[in-house]
>>> print(open('coords36.pdb').read())   # PDB, C-alpha atoms
ATOM      1  CA  MET Q   1      31.228  27.208  96.789
ATOM      2  CA  ASN Q   2      30.223  30.868  96.808
ATOM      3  CA  LEU Q   3      31.022  32.839  93.657
ATOM      4  CA  SER Q   4      32.149  36.446  93.780
ATOM      5  CA  LYS Q   5      30.104  39.150  92.080
ATOM      6  CA  ALA Q   6      32.749  39.363  89.362
ATOM      7  CA  ASP Q   7      32.517  35.609  88.722
ATOM      8  CA  ILE Q   8      28.715  35.741  88.630
ATOM      9  CA  LEU Q   9      28.815  38.624  86.139
ATOM     10  CA  LYS Q  10      31.367  36.822  83.974
ATOM     11  CA  LYS Q  11      29.244  33.657  83.925
ATOM     12  CA  GLU Q  12      26.185  35.703  82.966
ATOM     13  CA  GLN Q  13      28.123  37.415  80.183
ATOM     14  CA  VAL Q  14      29.266  34.102  78.743
ATOM     15  CA  ASP Q  15      25.817  32.470  79.040
ATOM     16  CA  VAL Q  16      23.970  35.375  77.425
ATOM     17  CA  THR Q  17      26.552  35.573  74.620
ATOM     18  CA  LYS Q  18      26.140  31.854  73.929
ATOM     19  CA  ARG Q  19      22.336  32.201  73.793
ATOM     20  CA  ALA Q  20      22.629  35.167  71.442
ATOM     21  CA  CYS Q  21      25.026  33.235  69.178
ATOM     22  CA  ASN Q  22      22.623  30.284  69.133
ATOM     23  CA  ARG Q  23      19.750  32.565  68.073
ATOM     24  CA  PHE Q  24      21.868  34.094  65.298
ATOM     25  CA  GLU Q  25      22.767  30.610  64.098
ATOM     26  CA  LEU Q  26      19.079  29.635  63.991
ATOM     27  CA  ILE Q  27      18.292  32.790  61.990
ATOM     28  CA  SER Q  28      21.102  32.031  59.517
ATOM     29  CA  GLN Q  29      19.690  28.533  58.958
ATOM     30  CA  ASP Q  30      16.234  29.876  58.108
ATOM     31  CA  ILE Q  31      16.301  33.493  56.867
ATOM     32  CA  LYS Q  32      12.781  34.716  56.138
ATOM     33  CA  ILE Q  33      13.222  38.447  55.529
ATOM     34  CA  PRO Q  34      15.614  40.114  53.002
ATOM     35  CA  LYS Q  35      17.150  42.430  55.584
ATOM     36  CA  LEU Q  36      18.814  39.495  57.333
ATOM     37  CA  LYS Q  37      20.482  38.178  54.160
ATOM     38  CA  TYR Q  38      23.848  39.641  55.170
ATOM     39  CA  LEU Q  39      23.432  39.375  58.926
ATOM     40  CA  HIS Q  40      26.454  37.060  59.121
ATOM     41  CA  ARG Q  41      28.717  39.702  57.577
ATOM     42  CA  SER Q  42      27.400  42.372  59.914
ATOM     43  CA  LEU Q  43      27.986  40.188  62.961
ATOM     44  CA  ASN Q  44      31.462  39.224  61.795
ATOM     45  CA  PHE Q  45      32.361  42.892  61.216
ATOM     46  CA  LYS Q  46      31.124  43.969  64.654
ATOM     47  CA  SER Q  47      32.749  41.048  66.464
ATOM     48  CA  ASN Q  48      36.075  41.787  64.763
ATOM     49  CA  ILE Q  49      35.933  45.470  65.736
ATOM     50  CA  HIS Q  50      34.924  44.700  69.351
ATOM     51  CA  TYR Q  51      37.666  42.078  69.615
ATOM     52  CA  ASN Q  52      40.290  44.555  68.428
ATOM     53  CA  GLU Q  53      38.979  47.230  70.806
ATOM     54  CA  ASN Q  54      39.069  44.762  73.695
ATOM     55  CA  GLU Q  55      42.686  43.915  72.817
ATOM     56  CA  GLY Q  56      43.619  47.594  72.910
ATOM     57  CA  LYS Q  57      44.041  48.170  69.174
ATOM     58  CA  THR Q  58      43.900  51.808  68.098
ATOM     59  CA  TYR Q  59      42.804  53.121  64.716
ATOM     60  CA  LYS Q  60      43.863  55.952  62.464
ATOM     61  CA  TYR Q  61      40.944  57.964  61.166
ATOM     62  CA  GLN Q  62      40.516  59.929  57.967
ATOM     63  CA  LYS Q  63      39.408  63.547  58.007
ATOM     64  CA  TYR Q  64      36.277  64.227  55.964
ATOM     65  CA  LYS Q  65      35.227  67.538  54.495
ATOM     66  CA  ARG Q  66      31.592  68.609  54.796
ATOM     67  CA  GLY Q  67      29.753  67.407  51.704
ATOM     68  CA  SER Q  68      32.025  64.373  51.141
ATOM     69  CA  VAL Q  69      30.300  61.389  49.559
ATOM     70  CA  VAL Q  70      31.267  58.116  51.254
ATOM     71  CA  MET Q  71      30.114  54.503  51.146
ATOM     72  CA  VAL Q  72      28.898  53.308  54.539
ATOM     73  CA  ASN Q  73      28.382  49.796  55.830
ATOM     74  CA  PHE Q  74      25.316  50.401  58.002
ATOM     75  CA  GLY Q  75      25.209  46.685  58.806
ATOM     76  CA  THR Q  76      22.051  44.810  59.750
ATOM     77  CA  ASN Q  77      20.043  46.902  62.178
ATOM     78  CA  VAL Q  78      16.876  46.673  64.261
ATOM     79  CA  GLY Q  79      13.357  47.396  62.995
ATOM     80  CA  TYR Q  80      13.167  50.206  60.451
ATOM     81  CA  GLU Q  81      16.704  51.435  61.049
ATOM     82  CA  LEU Q  82      18.631  51.634  57.790
ATOM     83  CA  SER Q  83      20.603  48.498  56.918
ATOM     84  CA  GLY Q  84      23.065  47.541  54.190
ATOM     85  CA  ASN Q  85      25.678  49.495  52.220
ATOM     86  CA  HIS Q  86      24.647  52.972  51.125
ATOM     87  CA  PHE Q  87      26.258  56.105  49.793
ATOM     88  CA  ALA Q  88      26.064  58.885  52.354
ATOM     89  CA  VAL Q  89      27.005  62.540  52.598
ATOM     90  CA  VAL Q  90      29.053  63.878  55.528
ATOM     91  CA  ILE Q  91      27.490  66.925  57.162
ATOM     92  CA  ASN Q  92      29.998  67.677  59.943
ATOM     93  CA  GLN Q  93      31.210  71.254  59.918
ATOM     94  CA  ASP Q  94      34.586  70.536  61.522
ATOM     95  CA  ASP Q  95      36.104  67.076  61.377
ATOM     96  CA  ASN Q  96      39.623  66.025  62.392
ATOM     97  CA  TYR Q  97      41.905  62.980  62.332
ATOM     98  CA  ARG Q  98      41.353  62.244  66.037
ATOM     99  CA  ASN Q  99      37.580  62.145  65.673
ATOM    100  CA  GLY Q 100      36.349  58.554  65.402
ATOM    101  CA  VAL Q 101      32.738  59.376  64.500
ATOM    102  CA  VAL Q 102      31.038  61.383  61.789
ATOM    103  CA  THR Q 103      27.441  62.403  61.113
ATOM    104  CA  VAL Q 104      26.044  61.381  57.740
ATOM    105  CA  ILE Q 105      22.833  61.425  55.743
ATOM    106  CA  PRO Q 106      22.297  58.299  53.611
ATOM    107  CA  LEU Q 107      21.697  58.676  49.881
ATOM    108  CA  THR Q 108      19.491  56.600  47.602
ATOM    109  CA  SER Q 109      18.455  56.499  43.951
ATOM    110  CA  LYS Q 110      14.873  55.651  44.903
ATOM    111  CA  GLU Q 111      12.340  58.446  44.693
ATOM    112  CA  LYS Q 112       9.944  58.765  47.625
ATOM    113  CA  ARG Q 113       7.790  61.592  48.886
ATOM    114  CA  HIS Q 114       9.848  62.173  52.028
ATOM    115  CA  TYR Q 115      13.245  61.930  50.258
ATOM    116  CA  LEU Q 116      15.060  65.101  49.179
ATOM    117  CA  LYS Q 117      16.215  65.258  45.550
ATOM    118  CA  LEU Q 118      19.738  66.643  45.213
ATOM    119  CA  ASP Q 119      21.289  68.651  42.401
ATOM    120  CA  ASP Q 120      24.000  66.020  41.903
ATOM    121  CA  SER Q 121      24.091  62.387  40.785
ATOM    122  CA  ILE Q 122      26.685  59.900  41.994
ATOM    123  CA  LEU Q 123      27.792  59.032  38.444
ATOM    124  CA  GLU Q 124      28.178  62.704  37.527
ATOM    125  CA  LEU Q 125      30.391  63.305  40.562
ATOM    126  CA  VAL Q 126      32.469  60.210  39.827
ATOM    127  CA  MET Q 127      32.887  61.048  36.132
ATOM    128  CA  ASN Q 128      34.026  64.588  36.918
ATOM    129  CA  ALA Q 129      36.649  63.183  39.277
ATOM    130  CA  GLN Q 130      37.681  60.506  36.777
ATOM    131  CA  ASN Q 131      38.423  63.004  33.999
ATOM    132  CA  GLU Q 132      41.683  63.966  35.721
ATOM    133  CA  TYR Q 133      42.743  60.301  35.981
ATOM    134  CA  ILE Q 134      41.806  59.664  32.352
ATOM    135  CA  ASP Q 135      43.881  62.640  31.148
ATOM    136  CA  MET Q 136      46.814  61.457  33.278
ATOM    137  CA  LEU Q 137      46.705  57.933  31.817
ATOM    138  CA  LEU Q 138      46.358  59.245  28.253
ATOM    139  CA  ASP Q 139      49.432  61.460  28.792
ATOM    140  CA  ALA Q 140      51.325  58.451  30.158
ATOM    141  CA  GLN Q 141      50.323  56.430  27.093
ATOM    142  CA  LYS Q 142      51.562  59.163  24.728
ATOM    143  CA  LEU Q 143      54.878  59.352  26.576
ATOM    144  CA  HIS Q 144      55.209  55.574  26.433
ATOM    145  CA  ASP Q 145      54.564  55.578  22.664
ATOM    146  CA  GLU Q 146      57.269  58.233  22.198
ATOM    147  CA  HIS Q 147      59.759  56.179  24.224
ATOM    148  CA  THR Q 148      58.963  53.090  22.170
ATOM    149  CA  ARG Q 149      59.498  54.924  18.869
ATOM    150  CA  GLU Q 150      62.783  56.461  20.057
ATOM    151  CA  ILE Q 151      64.149  53.094  21.221
ATOM    152  CA  SER Q 152      63.071  51.399  18.011
ATOM    153  CA  LEU Q 153      64.798  54.082  15.914
ATOM    154  CA  ALA Q 154      67.969  53.881  18.024
ATOM    155  CA  MET Q 155      68.046  50.089  17.676
ATOM    156  CA  SER Q 156      67.660  50.383  13.918
ATOM    157  CA  ASN Q 157      70.542  52.903  13.666
ATOM    158  CA  ILE Q 158      72.809  50.782  15.878
ATOM    159  CA  GLU Q 159      72.158  47.645  13.861
ATOM    160  CA  GLU Q 160      72.876  49.540  10.634
ATOM    161  CA  ASN Q 161      76.209  50.827  12.032
ATOM    162  CA  PHE Q 162      76.985  47.374  13.358
ATOM    163  CA  ASP Q 163      76.562  45.890   9.861
ATOM    164  CA  LYS Q 164      78.764  48.605   8.297
ATOM    165  CA  ILE Q 165      81.615  48.005  10.748
ATOM    166  CA  LYS Q 166      81.461  44.230  10.236
ATOM    167  CA  SER Q 167      81.513  44.799   6.478
ATOM    168  CA  ILE Q 168      84.654  46.962   6.705
ATOM    169  CA  ILE Q 169      86.477  44.445   8.924
ATOM    170  CA  GLY Q 170      85.448  41.627   6.609
ATOM    171  CA  LYS Q 171      87.151  43.230   3.598
ATOM    172  CA  GLY Q 172      90.572  42.564   5.079
ATOM    173  CA  ASN Q 173      92.247  45.336   3.049
ATOM    174  CA  GLU Q 174      95.107  47.510   4.234
ATOM    175  CA  SER Q 175      92.796  50.284   5.416
ATOM    176  CA  SER Q 176      90.612  47.943   7.458
ATOM    177  CA  LEU Q 177      93.650  46.226   8.994
ATOM    178  CA  LYS Q 178      95.077  49.610   9.979
ATOM    179  CA  TYR Q 179      91.987  50.524  11.947
ATOM    180  CA  GLN Q 180      90.985  47.005  12.989
ATOM    181  CA  ASP Q 181      91.571  47.598  16.713
ATOM    182  CA  LEU Q 182      89.453  50.759  16.599
ATOM    183  CA  LEU Q 183      86.708  49.015  14.652
ATOM    184  CA  ILE Q 184      86.634  46.092  17.108
ATOM    185  CA  LYS Q 185      86.407  48.593  19.969
ATOM    186  CA  MET Q 186      83.485  50.263  18.185
ATOM    187  CA  LEU Q 187      81.781  46.878  17.883
ATOM    188  CA  ASP Q 188      82.201  46.326  21.633
ATOM    189  CA  GLU Q 189      80.718  49.761  22.343
ATOM    190  CA  ASN Q 190      77.850  48.964  19.985
ATOM    191  CA  ASP Q 191      77.158  45.740  21.920
ATOM    192  CA  LYS Q 192      77.056  47.657  25.199
ATOM    193  CA  TYR Q 193      74.723  50.265  23.692
ATOM    194  CA  ILE Q 194      72.431  47.545  22.361
ATOM    195  CA  GLU Q 195      72.259  45.984  25.850
ATOM    196  CA  LYS Q 196      71.307  49.370  27.308
ATOM    197  CA  LEU Q 197      68.600  49.785  24.700
ATOM    198  CA  LYS Q 198      67.263  46.319  25.492
ATOM    199  CA  GLU Q 199      67.093  47.266  29.177
ATOM    200  CA  LEU Q 200      65.217  50.442  28.244
ATOM    201  CA  ASN Q 201      62.887  48.371  26.073
ATOM    202  CA  GLU Q 202      62.107  46.106  29.044
ATOM    203  CA  LEU Q 203      61.324  49.190  31.142
ATOM    204  CA  THR Q 204      58.933  50.463  28.494
ATOM    205  CA  LYS Q 205      57.213  47.059  28.478
ATOM    206  CA  LYS Q 206      56.735  47.323  32.251
ATOM    207  CA  GLU Q 207      55.520  50.880  31.735
ATOM    208  CA  SER Q 208      53.002  49.626  29.156
ATOM    209  CA  ASN Q 209      51.790  46.862  31.494
ATOM    210  CA  GLU Q 210      51.350  49.363  34.310
ATOM    211  CA  ILE Q 211      49.302  51.663  32.074
ATOM    212  CA  GLU Q 212      47.086  48.725  31.042
ATOM    213  CA  GLU Q 213      46.619  47.679  34.686
ATOM    214  CA  ASN Q 214      45.684  51.227  35.647
ATOM    215  CA  MET Q 215      43.220  51.424  32.762
ATOM    216  CA  ASP Q 216      41.614  48.184  33.967
ATOM    217  CA  LYS Q 217      41.328  49.617  37.489
ATOM    218  CA  LEU Q 218      39.804  52.802  36.110
ATOM    219  CA  TYR Q 219      37.224  50.877  34.055
ATOM    220  CA  LEU Q 220      36.418  48.728  37.104
ATOM    221  CA  VAL Q 221      35.442  51.872  39.013
ATOM    222  CA  LEU Q 222      33.447  53.248  36.083
ATOM    223  CA  ASP Q 223      31.583  49.940  35.683
ATOM    224  CA  LYS Q 224      30.651  49.924  39.357
ATOM    225  CA  TYR Q 225      29.246  53.438  39.345
ATOM    226  CA  ASN Q 226      27.746  53.333  35.855
ATOM    227  CA  GLU Q 227      24.605  51.713  37.258
ATOM    228  CA  LYS Q 228      24.187  54.738  39.530
ATOM    229  CA  ASP Q 229      23.177  56.925  36.580
ATOM    230  CA  LYS Q 230      20.049  58.130  38.346
ATOM    231  CA  ALA Q 231      19.053  61.084  40.439
ATOM    232  CA  SER Q 232      20.291  61.028  44.033
ATOM    233  CA  TYR Q 233      18.003  61.582  46.991
ATOM    234  CA  ALA Q 234      18.984  62.414  50.566
ATOM    235  CA  MET Q 235      17.252  60.373  53.271
ATOM    236  CA  VAL Q 236      17.357  63.284  55.706
ATOM    237  CA  LYS Q 237      15.144  61.605  58.326
ATOM    238  CA  ASN Q 238      17.742  58.812  58.543
ATOM    239  CA  ILE Q 239      20.472  61.189  59.689
ATOM    240  CA  VAL Q 240      22.841  59.279  61.965
ATOM    241  CA  THR Q 241      26.216  59.538  63.661
ATOM    242  CA  ILE Q 242      28.399  56.538  62.842
ATOM    243  CA  SER Q 243      31.848  55.212  63.607
ATOM    244  CA  LYS Q 244      34.299  56.029  60.830
ATOM    245  CA  LEU Q 245      35.178  52.328  60.891
ATOM    246  CA  LYS Q 246      31.874  51.761  59.058
ATOM    247  CA  ILE Q 247      33.064  53.821  56.079
ATOM    248  CA  LEU Q 248      34.196  51.428  53.362
ATOM    249  CA  LYS Q 249      37.552  51.829  51.650
ATOM    250  CA  PRO Q 250      37.734  52.769  47.944
ATOM    251  CA  ILE Q 251      37.889  49.925  45.389
ATOM    252  CA  ASN Q 252      41.340  51.065  44.261
ATOM    253  CA  LYS Q 253      43.392  54.233  43.821
ATOM    254  CA  PHE Q 254      41.125  55.416  40.987
ATOM    255  CA  ASP Q 255      37.971  55.207  43.097
ATOM    256  CA  PRO Q 256      37.180  58.814  44.104
ATOM    257  CA  ILE Q 257      34.699  57.868  46.840
ATOM    258  CA  GLY Q 258      35.478  59.924  49.932
ATOM    259  CA  LYS Q 259      37.110  62.587  47.731
ATOM    260  CA  ILE Q 260      34.025  63.756  45.833
ATOM    261  CA  TYR Q 261      31.613  66.329  47.203
ATOM    262  CA  ILE Q 262      28.034  67.295  46.584
ATOM    263  CA  SER Q 263      27.469  70.885  45.496
ATOM    264  CA  ASN Q 264      26.812  73.804  47.830
ATOM    265  CA  SER Q 265      23.284  74.042  46.446
ATOM    266  CA  SER Q 266      22.619  70.439  47.512
ATOM    267  CA  LEU Q 267      24.102  71.129  50.958
ATOM    268  CA  ASP Q 268      21.819  74.168  51.295
ATOM    269  CA  LYS Q 269      18.825  71.965  50.467
ATOM    270  CA  ILE Q 270      19.887  69.482  53.123
ATOM    271  CA  ASP Q 271      20.344  72.262  55.692
ATOM    272  CA  LYS Q 272      16.807  73.524  55.053
ATOM    273  CA  GLU Q 273      15.387  70.003  55.261
ATOM    274  CA  ILE Q 274      17.144  69.401  58.599
ATOM    275  CA  ILE Q 275      15.686  72.646  59.918
ATOM    276  CA  ASN Q 276      12.199  71.667  58.737
ATOM    277  CA  ASN Q 277      12.388  68.181  60.244
ATOM    278  CA  PHE Q 278      14.285  68.631  63.488
ATOM    279  CA  THR Q 279      14.041  72.239  64.722
ATOM    280  CA  PHE Q 280      11.495  74.927  65.582
ATOM    281  CA  CYS Q 281      13.049  77.253  63.001
ATOM    282  CA  ALA Q 282      11.108  76.029  59.978
ATOM    283  CA  ASN Q 283       9.485  79.428  59.435
ATOM    284  CA  GLN Q 284      12.835  81.211  59.291
ATOM    285  CA  SER Q 285      14.981  81.386  56.185
ATOM    286  CA  LEU Q 286      18.245  79.487  56.199
ATOM    287  CA  ASP Q 287      20.265  82.738  56.264
ATOM    288  CA  GLU Q 288      18.289  84.036  59.234
ATOM    289  CA  THR Q 289      18.793  80.783  61.104
ATOM    290  CA  LYS Q 290      22.533  80.817  60.505
ATOM    291  CA  SER Q 291      22.822  84.462  61.573
ATOM    292  CA  ASN Q 292      20.966  83.705  64.825
ATOM    293  CA  ASP Q 293      23.454  80.956  65.607
ATOM    294  CA  ILE Q 294      26.405  83.347  65.457
TER
END
>>> encode(input="coords36.pdb", output="structure tokens")
Amino acid sequence: MNLSKADILKKEQVDVTKRACNRFELISQDIKIPKLKYLHRSLNFKSNIHYNENEGKTYKYQKYKRGSVVMVNFGTNVGYELSGNHFAVVINQDDNYRNGVVTVIPLTSKEKRHYLKLDDSILELVMNAQNEYIDMLLDAQKLHDEHTREISLAMSNIEENFDKIKSIIGKGNESSLKYQDLLIKMLDENDKYIEKLKELNELTKKESNEIEENMDKLYLVLDKYNEKDKASYAMVKNIVTISKLKILKPINKFDPIGKIYISNSSLDKIDKEIINNFTFCANQSLDETKSNDI
């Protein structure tokens, strides 16, 4: 039975894929070099993306400003290509939500002769961004404390009035009997008010729990980046254009990654290093180079 060209190609595709999967399985059973430690995750990530693409799934992309610091899953790559998760700085001049790729320069805390030291550290950038969140949570805590005090005072006043009314009714004299209906109505209103205050108290408890949860999330971010309290270096020679799908999501809403930016002075350093490494304009100043491009 003669196979069509399409059938032959399909058989080849399946056979080659099976052989490749078998090789990857053999590697996973006997990993000898550190780079391949997370090969399984890299393969799973790529296979998931390719499967979704093949099924026609579309993605929404984020827009990144030049100088944005992001965390990139570079995966497990060939030879000396960069592998693993690394901070990176976006160097695109004009990005948009329809653009599925972005050009980045990886960052590292390791000092090497051919790495460019920046004027910013990751922890410094994170801490500056976190100050706003910290102030917001402290303000929320103060407001919560005020609400708690006000409710506690109101409860105390209501209970005191409640006791006074019961005392008057309990006397059973002519005056109390005359106004008994009114006093009973006041007791009913007091009960309703107490129920409202209890509801408010429950809301303040939820408010307190939410503040505590947010504080925990904030500290989780700070703990993660605290170990990054070192100088940051740009690996300019590893400049690469990547899919935005490789950019990892923030840990939580208090993680500023993707919303923090290196300084203009650091960007200028990177621009000069790119010129020195990849163009014939190394002898020109950065301003002259930019003016010639206009």
>>> closest_residue(input="coords36.pdb", among="Q:Ser263, Q:Gln141, Q:Ile257, Q:Asp94", to="Asn209 in chain Q", atoms="only C-alpha atoms")
Q:Gln141
>>> closest_residue(input="coords36.pdb", among="Q:Lys112, Q:Asp255, Q:Glu195, Q:Phe74", to="Phe45 in chain Q", atoms="only C-alpha atoms")
Q:Phe74
>>> resolve_selection(input="coords36.pdb", expression="the PyMOL selection byres ((chain Q and resi 208) around 12)", output="NGL selection string")
:Q and (137-138 or 140-148 or 201-207 or 209-215)
>>> closest_residue(input="coords36.pdb", among="Q:Lys246, Q:Ser28, Q:Leu218, Q:His40", to="Met136 in chain Q", atoms="all atoms listed in the file")
Q:Leu218
>>> atom_distance(input="coords36.pdb", atom1="CA of Asp30 in chain Q", atom2="CA of Gly75 in chain Q")
19.1 Å
>>> closest_residue(input="coords36.pdb", among="Q:Ile247, Q:Val240, Q:Ile260, Q:Ile49", to="Val72 in chain Q", atoms="only C-alpha atoms")
Q:Ile247
>>> closest_residue(input="coords36.pdb", among="Q:Ser243, Q:Thr279, Q:Asn264, Q:Tyr133", to="Lys217 in chain Q", atoms="all atoms listed in the file")
Q:Tyr133
>>> resolve_selection(input="coords36.pdb", expression="the PyMOL selection byres ((chain Q and resi 83) around 10)", output="CSV table (one decimal) with C-alpha atoms, in the frame of the given file")
chain,number,residue,atom,x,y,z
Q,35,LYS,CA,17.2,42.4,55.6
Q,36,LEU,CA,18.8,39.5,57.3
Q,38,TYR,CA,23.8,39.6,55.2
Q,39,LEU,CA,23.4,39.4,58.9
Q,42,SER,CA,27.4,42.4,59.9
Q,72,VAL,CA,28.9,53.3,54.5
Q,73,ASN,CA,28.4,49.8,55.8
Q,74,PHE,CA,25.3,50.4,58.0
Q,75,GLY,CA,25.2,46.7,58.8
Q,76,THR,CA,22.1,44.8,59.8
Q,77,ASN,CA,20.0,46.9,62.2
Q,78,VAL,CA,16.9,46.7,64.3
Q,79,GLY,CA,13.4,47.4,63.0
Q,80,TYR,CA,13.2,50.2,60.5
Q,81,GLU,CA,16.7,51.4,61.0
Q,82,LEU,CA,18.6,51.6,57.8
Q,84,GLY,CA,23.1,47.5,54.2
Q,85,ASN,CA,25.7,49.5,52.2
Q,86,HIS,CA,24.6,53.0,51.1
>>> closest_residue(input="coords36.pdb", among="Q:Ile33, Q:Ile275, Q:Ile239, Q:Met71", to="Lys259 in chain Q", atoms="all atoms listed in the file")
Q:Met71
>>> residues_around(input="coords36.pdb", residues="Pro256 in chain Q", least_positions_apart="4", cutoff="10 Å", atoms="only C-alpha atoms", output="list in words")
Val69, Val70, Leu125, Val126, Met127, Asn128, Ala129, Gln130, Tyr133, Val221, Pro250, Ile251, Asn252, Ile260 and Tyr261 of chain Q
>>> residues_near_point(input="coords36.pdb", point="(21.1, 69.4, 52.1)", cutoff="10 Å", atoms="all atoms listed in the file", output="PyMOL selection string")
chain Q and resi 67+89+91+105+116-119+233-236+262-274
>>> atom_distance(input="coords36.pdb", atom1="CA of Lys57 in chain Q", atom2="CA of Gly100 in chain Q")
13.5 Å
>>> axis_aligned_box(input="coords36.pdb", around="range 7-19 of chain Q", padding_each_side="5 Å", output="AutoDock Vina command-line options")
--center_x 27.4 --center_y 35.2 --center_z 81.3 --size_x 20.2 --size_y 16.8 --size_z 24.9
>>> resolve_selection(input="coords36.pdb", expression="the PyMOL selection byres ((chain Q and resi 230) around 12)", output="list in words")
Leu107, Thr108, Ser109, Lys110, Glu111, Lys117, Leu118, Asp119, Asp120, Ser121, Ile122, Leu123, Glu124, Leu125, Tyr225, Asn226, Glu227, Lys228, Asp229, Ala231, Ser232 and Tyr233 of chain Q
>>> atom_distance(input="coords36.pdb", atom1="CA of Asp135 in chain Q", atom2="CA of Val90 in chain Q")
28.6 Å
>>> decode(input="coords36.pdb", residues="range 28-34 of chain Q", atoms="all heavy atoms", output="mmCIF file, in the first residue's frame")
data_model
loop_
_atom_site.group_PDB
_atom_site.id
_atom_site.type_symbol
_atom_site.label_atom_id
_atom_site.label_comp_id
_atom_site.auth_asym_id
_atom_site.auth_seq_id
_atom_site.Cartn_x
_atom_site.Cartn_y
_atom_site.Cartn_z
ATOM 1 N N SER Q 28 16.599 12.401 31.864
ATOM 2 C CA SER Q 28 15.975 12.621 33.174
ATOM 3 C C SER Q 28 16.337 11.529 34.171
ATOM 4 O O SER Q 28 16.386 11.769 35.381
ATOM 5 C CB SER Q 28 14.447 12.692 33.015
ATOM 6 O OG SER Q 28 14.083 13.803 32.222
ATOM 7 N N GLN Q 29 16.598 10.320 33.675
ATOM 8 C CA GLN Q 29 16.951 9.203 34.555
ATOM 9 C C GLN Q 29 18.405 9.268 35.018
ATOM 10 O O GLN Q 29 18.776 8.644 36.023
ATOM 11 C CB GLN Q 29 16.696 7.875 33.833
ATOM 12 C CG GLN Q 29 15.225 7.581 33.622
ATOM 13 C CD GLN Q 29 14.993 6.363 32.741
ATOM 14 O OE1 GLN Q 29 15.934 5.808 32.153
ATOM 15 N NE2 GLN Q 29 13.739 5.938 32.635
ATOM 16 N N ASP Q 30 19.222 10.036 34.291
ATOM 17 C CA ASP Q 30 20.647 10.101 34.639
ATOM 18 C C ASP Q 30 21.215 11.478 34.283
ATOM 19 O O ASP Q 30 21.997 11.631 33.347
ATOM 20 C CB ASP Q 30 21.414 8.996 33.895
ATOM 21 C CG ASP Q 30 22.881 8.930 34.301
ATOM 22 O OD1 ASP Q 30 23.204 9.397 35.415
ATOM 23 O OD2 ASP Q 30 23.706 8.424 33.506
ATOM 24 N N ILE Q 31 20.811 12.503 35.054
ATOM 25 C CA ILE Q 31 21.264 13.871 34.807
ATOM 26 C C ILE Q 31 22.687 14.043 35.319
ATOM 27 O O ILE Q 31 22.973 13.778 36.486
ATOM 28 C CB ILE Q 31 20.321 14.888 35.476
ATOM 29 C CG1 ILE Q 31 18.941 14.821 34.814
ATOM 30 C CG2 ILE Q 31 20.891 16.300 35.397
ATOM 31 C CD1 ILE Q 31 17.892 15.696 35.467
ATOM 32 N N LYS Q 32 23.572 14.506 34.455
ATOM 33 C CA LYS Q 32 24.989 14.612 34.802
ATOM 34 C C LYS Q 32 25.488 16.056 34.880
ATOM 35 O O LYS Q 32 26.583 16.300 35.394
ATOM 36 C CB LYS Q 32 25.821 13.837 33.776
ATOM 37 C CG LYS Q 32 25.501 12.345 33.763
ATOM 38 C CD LYS Q 32 26.260 11.617 32.665
ATOM 39 C CE LYS Q 32 25.914 10.127 32.655
ATOM 40 N NZ LYS Q 32 26.573 9.404 31.553
ATOM 41 N N ILE Q 33 24.734 16.988 34.336
ATOM 42 C CA ILE Q 33 25.164 18.390 34.373
ATOM 43 C C ILE Q 33 24.054 19.237 34.996
ATOM 44 O O ILE Q 33 22.860 18.989 34.775
ATOM 45 C CB ILE Q 33 25.529 18.931 32.974
ATOM 46 C CG1 ILE Q 33 24.357 18.785 31.999
ATOM 47 C CG2 ILE Q 33 26.760 18.231 32.424
ATOM 48 C CD1 ILE Q 33 24.619 19.388 30.628
ATOM 49 N N PRO Q 34 24.401 20.243 35.809
ATOM 50 C CA PRO Q 34 23.418 21.052 36.553
ATOM 51 C C PRO Q 34 22.373 21.717 35.661
ATOM 52 O O PRO Q 34 21.216 21.865 36.071
ATOM 53 C CB PRO Q 34 24.283 22.097 37.260
ATOM 54 C CG PRO Q 34 25.636 21.473 37.369
ATOM 55 C CD PRO Q 34 25.793 20.626 36.147
#
